[in-house]
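Next comes model_19.txt, a file with compact mmCIF, C-alpha atoms and all ligand atoms.
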# COMPACT_ATOMS: atom_id res chain seq x y z
CA MET A 30 25.61 -83.86 1.38
CA GLU A 31 26.65 -82.38 4.70
CA LEU A 32 24.00 -81.36 7.12
CA SER A 33 23.84 -77.55 7.23
CA GLN A 34 24.19 -76.42 10.80
CA PRO A 35 22.14 -73.53 12.11
CA LYS A 36 24.05 -70.46 10.99
CA THR A 37 25.61 -68.38 13.68
CA ILE A 38 22.45 -66.38 13.61
CA THR A 39 21.93 -64.16 16.60
CA TYR A 40 19.11 -61.79 17.27
CA THR A 41 20.87 -59.52 19.78
CA GLU A 42 20.42 -56.22 17.96
CA SER A 43 16.80 -56.97 17.12
CA ALA A 44 16.13 -57.89 20.74
CA ALA A 45 17.63 -54.59 21.90
CA LEU A 46 15.64 -52.57 19.35
CA LEU A 47 12.48 -54.42 20.32
CA GLU A 48 13.06 -53.43 23.93
CA ARG A 49 13.49 -49.80 22.87
CA ALA A 50 10.47 -49.96 20.53
CA ARG A 51 8.27 -51.30 23.31
CA GLN A 52 8.66 -48.03 25.19
CA VAL A 53 6.88 -46.12 22.43
CA LEU A 54 5.22 -48.55 20.01
CA ALA A 55 2.49 -50.72 21.54
CA GLY A 56 4.01 -54.20 21.69
CA GLY A 57 7.02 -52.88 19.79
CA VAL A 58 5.31 -53.30 16.41
CA SER A 59 2.96 -51.58 13.95
CA SER A 60 0.86 -54.63 13.05
CA GLU A 61 -0.14 -57.50 15.33
CA PHE A 62 1.21 -60.19 12.99
CA ARG A 63 4.73 -58.74 13.20
CA LYS A 64 4.98 -59.83 16.82
CA TYR A 65 5.12 -63.42 15.68
CA ASN A 66 8.41 -63.51 13.87
CA HIS A 67 11.00 -65.96 15.14
CA PRO A 68 12.08 -65.70 17.95
CA HIS A 69 10.37 -62.33 18.39
CA ALA A 70 9.74 -59.24 16.25
CA ILE A 71 12.81 -58.73 14.05
CA PHE A 72 14.12 -55.40 12.77
CA TYR A 73 15.21 -55.37 9.14
CA THR A 74 17.60 -53.09 7.31
CA HIS A 75 16.88 -53.81 3.67
CA GLY A 76 15.52 -56.25 1.12
CA LEU A 77 16.80 -57.06 -2.34
CA GLY A 78 15.36 -59.60 -4.78
CA SER A 79 14.65 -62.84 -2.92
CA ARG A 80 16.65 -61.76 0.16
CA ILE A 81 15.99 -59.71 3.26
CA TYR A 82 18.57 -58.55 5.83
CA ASP A 83 18.19 -57.74 9.51
CA VAL A 84 19.99 -55.44 11.94
CA ASP A 85 22.12 -58.33 13.23
CA GLY A 86 23.55 -58.73 9.73
CA ASN A 87 21.61 -61.93 9.05
CA GLU A 88 20.57 -62.69 5.48
CA TYR A 89 17.38 -64.61 4.84
CA LEU A 90 16.05 -66.28 1.73
CA ASP A 91 12.58 -64.76 1.94
CA PHE A 92 9.36 -66.68 1.31
CA THR A 93 7.38 -64.26 3.46
CA LEU A 94 7.46 -61.49 0.83
CA SER A 95 6.08 -59.07 3.37
CA GLN A 96 2.94 -61.24 3.81
CA GLY A 97 2.47 -61.47 0.06
CA PRO A 98 2.83 -58.07 -1.65
CA LEU A 99 6.34 -58.56 -3.05
CA LEU A 100 5.42 -60.63 -6.08
CA LEU A 101 8.41 -59.13 -7.92
CA GLY A 102 10.71 -59.59 -4.92
CA HIS A 103 12.22 -56.84 -2.82
CA SER A 104 13.20 -53.46 -4.29
CA HIS A 105 12.44 -54.07 -7.95
CA PRO A 106 14.39 -51.32 -9.77
CA GLU A 107 11.59 -50.38 -12.18
CA VAL A 108 9.14 -49.94 -9.32
CA LEU A 109 11.61 -47.81 -7.37
CA GLN A 110 12.36 -45.66 -10.39
CA ALA A 111 8.68 -45.08 -11.16
CA VAL A 112 7.99 -44.13 -7.54
CA GLN A 113 10.85 -41.66 -7.54
CA GLU A 114 9.90 -40.08 -10.87
CA TYR A 115 6.23 -39.70 -10.02
CA SER A 116 6.96 -38.46 -6.48
CA GLU A 117 9.05 -35.65 -7.88
CA GLN A 118 5.97 -34.44 -9.73
CA GLY A 119 3.88 -34.21 -6.58
CA GLN A 120 2.57 -36.65 -4.02
CA LEU A 121 -1.11 -36.10 -3.56
CA PHE A 122 -3.40 -33.60 -5.28
CA ALA A 123 -6.79 -33.91 -3.57
CA GLY A 124 -7.78 -34.27 -7.18
CA GLN A 125 -7.39 -36.58 -10.12
CA HIS A 126 -4.38 -37.44 -12.26
CA LEU A 127 -3.97 -39.19 -15.57
CA ARG A 128 -2.08 -42.20 -14.21
CA GLU A 129 -4.99 -43.12 -12.02
CA ILE A 130 -7.10 -43.61 -15.15
CA LYS A 131 -4.34 -45.65 -16.77
CA LEU A 132 -4.16 -47.92 -13.75
CA ALA A 133 -7.94 -48.33 -13.61
CA GLU A 134 -8.04 -49.05 -17.36
CA LYS A 135 -5.36 -51.71 -16.90
CA LEU A 136 -7.29 -53.39 -14.08
CA VAL A 137 -10.50 -53.36 -16.13
CA GLN A 138 -8.57 -55.01 -18.94
CA LEU A 139 -7.02 -57.67 -16.69
CA ILE A 140 -9.75 -58.61 -14.19
CA PRO A 141 -12.84 -60.39 -15.55
CA SER A 142 -15.36 -58.82 -13.14
CA ALA A 143 -13.90 -55.30 -13.27
CA GLU A 144 -16.10 -52.78 -15.05
CA LEU A 145 -15.87 -49.95 -12.53
CA LEU A 146 -13.56 -49.59 -9.57
CA ARG A 147 -12.34 -47.38 -6.76
CA PHE A 148 -8.91 -47.25 -5.16
CA CYS A 149 -8.41 -47.49 -1.40
CA LEU A 150 -5.31 -47.92 0.75
CA ASP A 151 -5.50 -51.50 1.95
CA GLY A 152 -7.45 -54.71 1.88
CA SER A 153 -9.40 -54.05 5.08
CA GLU A 154 -10.87 -50.80 3.75
CA ALA A 155 -11.71 -52.24 0.36
CA VAL A 156 -13.57 -55.15 2.00
CA GLN A 157 -15.74 -52.66 3.88
CA THR A 158 -16.42 -50.73 0.69
CA ALA A 159 -17.60 -53.89 -1.07
CA LEU A 160 -19.89 -54.81 1.83
CA ARG A 161 -21.38 -51.31 1.84
CA VAL A 162 -22.09 -51.48 -1.90
CA ALA A 163 -23.70 -54.90 -1.45
CA ARG A 164 -25.95 -53.66 1.34
CA ALA A 165 -26.95 -50.58 -0.62
CA LYS A 166 -27.89 -52.43 -3.80
CA THR A 167 -29.76 -55.29 -2.15
CA GLY A 168 -31.35 -53.30 0.65
CA ARG A 169 -30.37 -56.16 2.97
CA GLN A 170 -28.08 -56.00 5.97
CA LYS A 171 -26.27 -59.29 6.55
CA PHE A 172 -23.41 -61.09 4.90
CA LEU A 173 -22.32 -64.71 5.01
CA ARG A 174 -18.65 -65.44 5.66
CA PHE A 175 -16.67 -68.62 6.24
CA GLU A 176 -14.76 -70.05 9.18
CA GLY A 177 -11.02 -69.39 9.08
CA HIS A 178 -11.17 -66.79 6.30
CA TYR A 179 -9.49 -63.46 6.94
CA HIS A 180 -10.99 -60.25 5.61
CA GLY A 181 -9.01 -57.69 7.58
CA TRP A 182 -9.00 -56.49 11.14
CA LEU A 183 -12.07 -54.21 11.31
CA ASP A 184 -14.93 -55.02 13.67
CA ASN A 185 -17.51 -56.77 11.50
CA VAL A 186 -14.95 -59.19 10.02
CA ALA A 187 -12.76 -59.77 13.08
CA TRP A 188 -14.88 -62.75 14.07
CA GLY A 189 -14.79 -66.37 12.98
CA PHE A 190 -11.16 -66.26 11.85
CA SER A 191 -9.90 -68.61 14.55
CA ALA A 192 -11.19 -70.84 17.32
CA PRO A 193 -9.59 -72.50 20.35
CA SER A 194 -10.50 -76.06 19.26
CA LEU A 195 -12.69 -78.15 16.99
CA GLU A 196 -15.03 -78.96 19.86
CA ALA A 197 -15.43 -75.27 20.66
CA LEU A 198 -16.71 -74.61 17.14
CA GLY A 199 -19.75 -76.78 17.73
CA GLU A 200 -22.23 -77.83 15.04
CA ARG A 201 -21.35 -77.31 11.40
CA ASP A 202 -24.72 -75.75 10.61
CA ASN A 203 -24.67 -73.49 13.66
CA PRO A 204 -21.05 -72.70 14.51
CA THR A 205 -19.91 -70.89 17.61
CA VAL A 206 -18.21 -67.71 16.46
CA PHE A 207 -15.21 -66.34 18.33
CA PRO A 208 -14.10 -62.71 18.33
CA TRP A 209 -10.49 -62.16 17.32
CA SER A 210 -10.10 -59.20 19.65
CA GLN A 211 -11.58 -57.57 22.68
CA GLY A 212 -13.27 -54.25 22.12
CA LEU A 213 -15.26 -55.24 19.04
CA ALA A 214 -18.63 -53.49 18.87
CA THR A 215 -21.03 -56.15 20.12
CA ASN A 216 -23.56 -55.25 17.44
CA SER A 217 -20.95 -56.01 14.77
CA ARG A 218 -21.78 -59.66 15.54
CA ASP A 219 -25.27 -59.02 14.16
CA GLU A 220 -23.93 -58.18 10.71
CA PHE A 221 -23.01 -61.66 9.52
CA SER A 222 -23.47 -65.41 9.74
CA VAL A 223 -20.64 -67.94 9.55
CA LEU A 224 -20.43 -71.42 8.04
CA PRO A 225 -17.63 -73.92 7.38
CA TRP A 226 -16.15 -73.44 3.89
CA ASN A 227 -16.25 -75.78 0.89
CA ASP A 228 -19.60 -77.31 1.88
CA LEU A 229 -22.01 -76.23 -0.82
CA ALA A 230 -24.97 -78.23 0.50
CA LEU A 231 -24.68 -76.45 3.84
CA VAL A 232 -24.55 -73.02 2.17
CA GLU A 233 -27.48 -73.85 -0.12
CA GLU A 234 -29.59 -74.90 2.79
CA PHE A 235 -28.63 -71.80 4.78
CA VAL A 236 -29.23 -69.38 1.90
CA ALA A 237 -32.60 -70.93 1.07
CA ARG A 238 -33.69 -70.13 4.64
CA ASN A 239 -32.02 -66.73 5.04
CA HIS A 240 -31.76 -65.10 1.62
CA GLN A 241 -34.18 -62.33 2.48
CA GLU A 242 -31.65 -60.78 4.84
CA LEU A 243 -28.47 -61.64 2.89
CA ALA A 244 -26.72 -58.83 1.02
CA ALA A 245 -23.50 -60.73 0.26
CA ILE A 246 -21.50 -63.91 0.45
CA ILE A 247 -17.82 -63.09 0.93
CA THR A 248 -15.08 -65.67 0.46
CA GLU A 249 -11.39 -65.97 -0.20
CA PRO A 250 -11.56 -67.93 -3.48
CA ILE A 251 -8.66 -70.01 -2.14
CA MET A 252 -8.54 -70.28 1.64
CA CYS A 253 -5.02 -68.87 1.74
CA ASN A 254 -5.06 -67.65 5.32
CA ASN A 255 -5.62 -71.02 6.91
CA GLY A 256 -3.97 -73.96 5.19
CA CYS A 257 -4.01 -72.64 1.61
CA ILE A 258 -6.97 -74.92 0.86
CA LEU A 259 -8.31 -75.00 -2.68
CA PRO A 260 -12.03 -74.76 -3.42
CA GLU A 261 -13.69 -78.02 -4.37
CA PRO A 262 -14.69 -77.92 -8.05
CA ALA A 263 -18.40 -77.28 -7.48
CA PHE A 264 -18.01 -74.78 -4.65
CA LEU A 265 -17.32 -71.43 -6.32
CA PRO A 266 -19.67 -72.08 -9.28
CA GLY A 267 -22.27 -73.18 -6.72
CA LEU A 268 -21.91 -69.90 -4.80
CA ARG A 269 -22.26 -68.04 -8.10
CA ASN A 270 -25.53 -69.84 -8.89
CA LEU A 271 -26.94 -69.25 -5.43
CA CYS A 272 -26.12 -65.54 -5.55
CA ASP A 273 -27.72 -65.26 -8.99
CA GLN A 274 -30.79 -67.10 -7.80
CA TYR A 275 -31.38 -64.90 -4.78
CA GLY A 276 -29.92 -61.55 -5.90
CA ILE A 277 -27.03 -61.70 -3.42
CA ALA A 278 -23.62 -60.11 -4.08
CA LEU A 279 -20.85 -62.64 -4.54
CA ILE A 280 -17.68 -61.01 -3.20
CA PHE A 281 -14.26 -62.55 -3.84
CA ASP A 282 -11.60 -61.34 -1.45
CA GLU A 283 -8.61 -61.57 -3.79
CA VAL A 284 -6.25 -59.72 -1.47
CA ILE A 285 -3.86 -62.70 -1.64
CA THR A 286 -4.88 -64.45 -4.85
CA GLY A 287 -4.98 -61.22 -6.90
CA PHE A 288 -2.13 -61.08 -9.48
CA ARG A 289 -0.51 -64.00 -7.65
CA VAL A 290 -2.40 -66.93 -9.18
CA GLY A 291 -2.54 -65.05 -12.50
CA LEU A 292 -3.05 -61.52 -13.75
CA GLY A 293 -6.84 -61.92 -13.66
CA GLY A 294 -6.83 -63.39 -10.15
CA ALA A 295 -8.59 -66.50 -8.91
CA GLN A 296 -11.77 -65.42 -10.70
CA GLN A 297 -9.99 -65.96 -14.01
CA PHE A 298 -8.21 -69.09 -12.82
CA TYR A 299 -11.49 -70.73 -11.74
CA ASP A 300 -13.62 -69.03 -14.38
CA VAL A 301 -16.14 -67.79 -11.83
CA THR A 302 -16.98 -64.10 -12.03
CA PRO A 303 -17.96 -62.42 -8.76
CA ASP A 304 -20.06 -59.26 -8.55
CA LEU A 305 -17.49 -57.45 -6.44
CA SER A 306 -13.90 -58.24 -5.56
CA ILE A 307 -10.98 -56.86 -3.65
CA PHE A 308 -7.40 -56.58 -4.83
CA ALA A 309 -4.57 -55.32 -2.66
CA LYS A 310 -1.26 -56.87 -1.62
CA ALA A 311 0.53 -57.75 -4.87
CA LEU A 312 -0.90 -54.82 -6.83
CA ALA A 313 1.89 -52.40 -5.97
CA SER A 314 4.95 -54.27 -4.70
CA GLY A 315 4.62 -53.05 -1.11
CA TYR A 316 3.10 -49.60 -1.63
CA PRO A 317 -0.29 -48.99 0.00
CA ILE A 318 -3.04 -49.29 -2.58
CA SER A 319 -6.03 -51.56 -2.98
CA ALA A 320 -9.01 -51.66 -5.30
CA VAL A 321 -12.61 -52.62 -4.93
CA VAL A 322 -13.73 -53.66 -8.39
CA GLY A 323 -17.02 -54.89 -9.72
CA LYS A 324 -19.70 -55.06 -12.26
CA ARG A 325 -21.12 -51.65 -13.22
CA ASP A 326 -24.52 -52.66 -11.97
CA TRP A 327 -23.15 -52.89 -8.43
CA MET A 328 -20.44 -50.23 -8.54
CA LYS A 329 -22.82 -47.61 -9.93
CA ARG A 330 -23.95 -47.12 -6.33
CA ILE A 331 -20.63 -45.42 -5.76
CA GLU A 332 -20.76 -43.74 -9.16
CA ASP A 333 -24.07 -42.03 -8.40
CA GLY A 334 -22.98 -41.07 -4.89
CA SER A 335 -25.60 -43.13 -3.08
CA VAL A 336 -22.73 -45.10 -1.52
CA ILE A 337 -19.98 -42.96 -0.09
CA HIS A 338 -16.41 -44.04 -0.47
CA ALA A 339 -13.61 -41.60 0.32
CA GLY A 340 -10.04 -41.29 1.56
CA THR A 341 -7.54 -38.43 1.72
CA MET A 342 -4.61 -40.65 0.84
CA ASN A 343 -6.26 -42.70 -1.92
CA ALA A 344 -4.40 -43.17 -5.22
CA GLY A 345 -1.48 -40.90 -4.48
CA ASN A 346 1.15 -40.43 -7.14
CA PRO A 347 3.82 -42.78 -5.69
CA THR A 348 1.43 -45.65 -4.98
CA VAL A 349 -0.19 -45.45 -8.41
CA ALA A 350 3.30 -45.34 -9.90
CA ALA A 351 4.27 -48.48 -7.99
CA ALA A 352 1.15 -50.28 -9.20
CA LEU A 353 1.59 -49.25 -12.84
CA ALA A 354 5.24 -50.30 -12.78
CA THR A 355 4.42 -53.62 -11.11
CA LEU A 356 1.77 -54.48 -13.68
CA LYS A 357 4.04 -53.40 -16.51
CA VAL A 358 6.78 -55.76 -15.35
CA LEU A 359 4.29 -58.59 -14.79
CA GLU A 360 2.80 -58.18 -18.26
CA ARG A 361 6.17 -57.91 -19.98
CA GLU A 362 7.97 -60.71 -18.17
CA GLN A 363 5.01 -63.06 -17.68
CA PRO A 364 6.60 -64.70 -14.63
CA HIS A 365 3.60 -66.84 -13.70
CA GLN A 366 4.73 -69.98 -15.46
CA ARG A 367 7.96 -69.75 -13.46
CA LEU A 368 6.11 -69.03 -10.21
CA TYR A 369 4.11 -72.21 -10.70
CA GLN A 370 7.10 -74.24 -11.78
CA TYR A 371 9.23 -73.18 -8.82
CA GLY A 372 6.29 -73.50 -6.46
CA TRP A 373 5.54 -77.06 -7.58
CA GLN A 374 9.22 -77.95 -7.45
CA LEU A 375 9.49 -76.65 -3.93
CA MET A 376 6.30 -78.39 -2.85
CA ALA A 377 7.50 -81.67 -4.35
CA GLY A 378 10.98 -81.26 -2.88
CA LEU A 379 9.60 -80.61 0.60
CA GLN A 380 7.22 -83.57 0.30
CA GLN A 381 10.12 -85.81 -0.74
CA ALA A 382 12.26 -84.51 2.11
CA ALA A 383 9.45 -85.30 4.53
CA ALA A 384 9.13 -88.82 3.12
CA ASP A 385 12.90 -89.33 3.39
CA THR A 386 12.97 -88.14 7.00
CA GLY A 387 9.73 -89.84 8.08
CA GLN A 388 7.94 -86.59 8.89
CA ASN A 389 4.19 -86.09 8.61
CA LEU A 390 4.54 -82.88 6.61
CA GLN A 391 1.50 -82.12 4.51
CA ILE A 392 1.38 -79.52 1.76
CA GLN A 393 -1.59 -77.81 0.16
CA GLY A 394 -1.71 -74.94 -2.31
CA LEU A 395 -1.27 -73.91 -5.88
CA GLY A 396 2.44 -73.22 -6.38
CA PRO A 397 2.76 -69.42 -6.22
CA MET A 398 1.60 -69.83 -2.63
CA PHE A 399 1.24 -72.96 -0.55
CA SER A 400 1.04 -74.07 3.03
CA THR A 401 3.03 -76.60 5.05
CA VAL A 402 1.53 -78.25 8.12
CA PHE A 403 2.24 -81.34 10.20
CA THR A 404 -0.60 -83.80 10.57
CA ASP A 405 -1.53 -87.46 10.28
CA SER A 406 -5.05 -86.57 9.17
CA ALA A 407 -6.39 -86.35 5.63
CA PRO A 408 -5.83 -82.97 3.92
CA ALA A 409 -8.11 -80.35 5.42
CA ARG A 410 -10.95 -79.08 3.24
CA ASP A 411 -12.01 -76.35 5.66
CA TYR A 412 -10.82 -74.53 8.77
CA ARG A 413 -12.11 -77.28 11.05
CA GLY A 414 -9.77 -79.72 9.33
CA THR A 415 -6.78 -77.51 10.10
CA LEU A 416 -7.38 -77.66 13.84
CA ALA A 417 -5.88 -81.15 14.00
CA ASN A 418 -2.51 -79.82 12.79
CA ASP A 419 0.52 -80.04 15.08
CA LYS A 420 1.19 -76.35 15.63
CA ALA A 421 4.12 -76.88 18.01
CA LYS A 422 5.94 -78.96 15.41
CA LEU A 423 5.25 -76.36 12.72
CA SER A 424 6.75 -73.69 15.00
CA ARG A 425 9.90 -75.79 15.44
CA PHE A 426 10.12 -76.26 11.66
CA ILE A 427 9.72 -72.52 10.98
CA ALA A 428 12.23 -71.66 13.72
CA GLY A 429 14.72 -74.20 12.36
CA LEU A 430 14.42 -72.72 8.88
CA HIS A 431 14.82 -69.21 10.23
CA ASN A 432 17.93 -70.15 12.21
CA ARG A 433 19.39 -71.42 8.95
CA GLY A 434 18.48 -68.30 6.97
CA VAL A 435 15.16 -69.24 5.35
CA ARG A 436 12.21 -67.06 6.27
CA VAL A 437 8.64 -68.40 6.04
CA ILE A 438 5.40 -67.04 7.52
CA GLY A 439 4.87 -68.52 10.99
CA ARG A 440 1.61 -70.27 10.15
CA GLY A 441 3.40 -72.22 7.40
CA LEU A 442 2.49 -70.10 4.38
CA TRP A 443 5.12 -69.83 1.61
CA TYR A 444 5.04 -67.22 -1.16
CA ILE A 445 7.11 -67.47 -4.36
CA SER A 446 8.24 -64.32 -6.15
CA ALA A 447 9.50 -63.58 -9.63
CA ALA A 448 12.88 -62.89 -8.01
CA HIS A 449 13.32 -66.46 -6.72
CA THR A 450 15.81 -68.54 -8.68
CA GLN A 451 16.42 -72.24 -9.17
CA ALA A 452 19.30 -71.94 -6.70
CA ASP A 453 16.91 -70.44 -4.12
CA ILE A 454 14.49 -73.35 -4.53
CA ASP A 455 17.34 -75.86 -4.17
CA GLN A 456 18.64 -74.05 -1.09
CA ALA A 457 15.19 -74.05 0.51
CA ILE A 458 14.72 -77.79 -0.10
CA GLN A 459 18.18 -78.60 1.28
CA THR A 460 17.64 -76.43 4.34
CA ALA A 461 14.19 -77.87 4.98
CA THR A 462 15.61 -81.39 4.71
CA ASP A 463 18.19 -80.53 7.35
CA VAL A 464 15.53 -79.10 9.64
CA LEU A 465 13.16 -82.04 9.14
CA LYS A 466 15.95 -84.37 10.30
CA THR A 467 16.08 -82.53 13.60
CA LEU A 468 12.34 -82.51 14.40
C1 LIG A 501 -7.66 -62.37 2.21
C2 LIG A 501 -7.37 -61.08 2.92
N1 LIG A 501 -8.30 -60.13 2.97
C3 LIG A 501 -8.07 -58.94 3.57
C4 LIG A 501 -6.88 -58.68 4.18
C5 LIG A 501 -6.64 -57.36 4.84
O1 LIG A 501 -5.78 -56.62 4.06
P1 LIG A 501 -4.87 -55.46 4.70
O2 LIG A 501 -3.94 -56.12 5.66
O3 LIG A 501 -4.20 -54.86 3.52
O4 LIG A 501 -5.81 -54.52 5.36
C6 LIG A 501 -5.87 -59.65 4.16
C7 LIG A 501 -4.57 -59.42 4.81
O5 LIG A 501 -3.75 -60.27 4.97
C8 LIG A 501 -6.12 -60.88 3.53
O6 LIG A 501 -5.20 -61.87 3.49
Can you dump the structure from the file as structure tokens?
Amino acid sequence: MELSQPKTITYTESAALLERARQVLAGGVSSEFRKYNHPHAIFYTHGLGSRIYDVDGNEYLDFTLSQGPLLLGHSHPEVLQAVQEYSEQGQLFAGQHLREIKLAEKLVQLIPSAELLRFCLDGSEAVQTALRVARAKTGRQKFLRFEGHYHGWLDNVAWGFSAPSLEALGERDNPTVFPWSQGLATNSRDEFSVLPWNDLALVEEFVARNHQELAAIITEPIMCNNGCILPEPAFLPGLRNLCDQYGIALIFDEVITGFRVGLGGAQQFYDVTPDLSIFAKALASGYPISAVVGKRDWMKRIEDGSVIHAGTMNAGNPTVAAALATLKVLEREQPHQRLYQYGWQLMAGLQQAAADTGQNLQIQGLGPMFSTVFTDSAPARDYRGTLANDKAKLSRFIAGLHNRGVRVIGRGLWYISAAHTQADIDQAIQTATDVLKTL
């Protein structure tokens, strides 16, 4: 087959709009991660199914899916119709509406740990709500988190997400923790401890020493944000046992895994039930809603008003409509088998392409989402393992794909949607093969 040349993709209009945006939007963007598109922040006009289009008229086969939310693909007609219908009946009531109950009932039915829940606007807020509930019930102040996991951008979790090098991280049982931003409240560093992930013995030893001050252990059940690393078989059950033993809240941050690995999230997939968990991204196909869900025993702190959770914009008509419509389509069409099948096919196709072209591409993940990195090392089992990856080569790979009309998240994370087709998977493998030949 002929080698596909980079399309005549130009970014002239986006570059001009970025220049204009910079005059009024800090950095030209509304979220830090959007700066890191290739070759700079890109301005889009519309998205449809598995495709997204930019102001230069370029069409991309999209595996970014807006950083995960678009599990049904762009602009699913049933979601759009529901949003329009519900919006016409009002937007926000500063009061309750029936559909909110229906959505909550659906989540309680789908998610193993969900007995009571509250809606928020995004993952970051819901994480904070869960931590507050955990502190209130246990009467303890600190939480344990893991290196390389992302739990939003707010102060007490904007630490320990990244590090300049393996050496800089120091000892595994006493890691150096780096802030992700300037301006974090210095006392936010006192709220948590950090350990490498997937090392149950290390966590057991730490918790045995520190349980009296530990309110919660929070983890992404799959380390999606750095390498899409799966938990080792004993890890999540081990955390569950430890939390039971010492009365600590086990919090699963299912912002990425929720609805994506299955309708009951990673907790159903791995059969480990957390006390509290957070669902966001894929819940509403790109509309801003999240949920903190949990066992009644924990969530009753919010129920009885001893823990305050509030928000003017929570559970508005259009966002609830989007979530109900999304779940309806997911339940009716049951796309997960296809998400896995296409995901595995794509992973296998990329691995074969790498073998054929002699590239040290390494793939980890589950299918509906997976990560591509370049390394000669063994597959990483924690964030430290990912620091050996060749980031410059990954950037060239992502740029090469983008210049040929395939859009993937810059850190090598691929998301599959229900809108992707066999032809899309074939196109992605062919394009990746062409790019790998050039690296
Ligand atoms: C695992 C995880 N938790 C929390 C968040 C924060 O969610 P949001 O960006 O909706 O505030 C993210 C965002 O990417 C995430 O991946």
May I have the residues within 12 Å of Val232 of chain A as a PyMOL selection string, using all atoms listed in the file and disregarding those fewer than 5 positions away in the same chain? chain A and resi 173-175+201-203+222-227+237-240+246+264-265+267-272
Give me, as a tab-separated table, each residue of chain A that comes within 6 Å of ligand LIG 501 (chain A), together with its shortest interatomic pair and the distance in Å at one decimal, counting all atoms listed in the file, with rows ordered by chain and rising residue number.
residue	atom	partner	partner_atom	distance
A:Asp151	CA	A:LIG501	O3	3.9
A:Gly152	CA	A:LIG501	O1	3.3
A:Ser153	CA	A:LIG501	O4	3.6
A:Tyr179	CA	A:LIG501	C2	5.1
A:His180	CA	A:LIG501	N1	3.8
A:Gly181	CA	A:LIG501	C5	3.6
A:Glu249	CA	A:LIG501	C1	5.7
A:Asp282	CA	A:LIG501	C1	5.5
A:Val284	CA	A:LIG501	C2	4.7
A:Ile285	CA	A:LIG501	O6	5.4
If you count only C-alpha atoms, which residues fall within 8 Å of His365 of chain A, apart from same-chain ones fewer than 2 positions away, as a list in words? Arg289, Val290, Gly291, Gln363, Arg367, Leu368, Tyr369, Pro397 and Ala447 of chain A
Find the nearest atom pair between each residue of segment 121-161 of chain A and segment 332-354 of chain A for residues within 8 Å, count all atoms listed in the file, give distances in Å to one decimal, sort rows by chain and ascending number, and present the table as a tab-separated table.
residue	atom	partner	partner_atom	distance
A:Leu121	CA	A:Gly345	CA	4.9
A:Phe122	CA	A:Gly345	CA	7.6
A:Ala123	CA	A:Thr341	CA	7.0
A:Arg128	CA	A:Val349	CA	6.9
A:Glu129	CA	A:Val349	CA	6.4
A:Lys131	CA	A:Leu353	CA	8.0
A:Leu132	CA	A:Leu353	CA	6.0
A:Phe148	CA	A:Ala344	CA	6.1
A:Cys149	CA	A:Asn343	CA	5.3
A:Leu150	CA	A:Asn343	CA	5.9
A:Thr158	CA	A:His338	CA	6.8
A:Arg161	CA	A:Val336	CA	7.2
Output file for the selection above: C-alpha atoms, as a compact mmCIF listing (two decimals), keeping the file's coordinate frame:
# COMPACT_ATOMS: atom_id res chain seq x y z
CA LEU A 121 -1.11 -36.10 -3.56
CA PHE A 122 -3.40 -33.60 -5.28
CA ALA A 123 -6.79 -33.91 -3.57
CA ARG A 128 -2.08 -42.20 -14.21
CA GLU A 129 -4.99 -43.12 -12.02
CA LYS A 131 -4.34 -45.65 -16.77
CA LEU A 132 -4.16 -47.92 -13.75
CA PHE A 148 -8.91 -47.25 -5.16
CA CYS A 149 -8.41 -47.49 -1.40
CA LEU A 150 -5.31 -47.92 0.75
CA THR A 158 -16.42 -50.73 0.69
CA ARG A 161 -21.38 -51.31 1.84
Interatomic distance, atom CA of Asn254 of chain A to atom CA of Leu47 of chain A (Å, one decimal):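 We find that atom CA of Asn254 of chain A and atom CA of Leu47 of chain A lie 26.6 Å from each other.
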One decimal place gives the atom CA of Glu220 of chain A-atom CA of Asp304 of chain A separation as 19.7 Å
I need the residue nearest Ser142 of chain A from this list: A:Val402, A:Val156, A:Ala230, A:Val321. Use all atoms listed in the file for the distance.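 The answer is A:Val321, which sits nearest to Ser142 of chain A.
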What gap, in Å, lies between atom CA of Gly168 of chain A and atom CA of Ile331 of chain A?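 Taking atom CA of Gly168 of chain A and atom CA of Ile331 of chain A, their separation equals 14.8 Å.
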Restricting the calculation to all atoms listed in the file, which member of A:Gln451, A:Ser104, A:Gln380, A:Asn255 is positioned closest to Gly177 of chain A?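 Of the candidates, the smallest distance to Gly177 of chain A is held by A:Asn255.
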Using only C-alpha atoms, which of the listed residues (A:Tyr412, A:Phe172, A:Phe207, A:Phe403) sits closest to Leu465 of chain A?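 Between A:Tyr412, A:Phe172, A:Phe207, A:Phe403, the residue approaching Leu465 of chain A most closely is A:Phe403.
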With only C-alpha atoms as the basis for distance, which of A:Ser406, A:Thr302, A:Asn432, A:Ser400 is at the shortest distance from Thr39 of chain A?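 Once distances to Thr39 of chain A are computed over only C-alpha atoms, the minimum belongs to A:Asn432.
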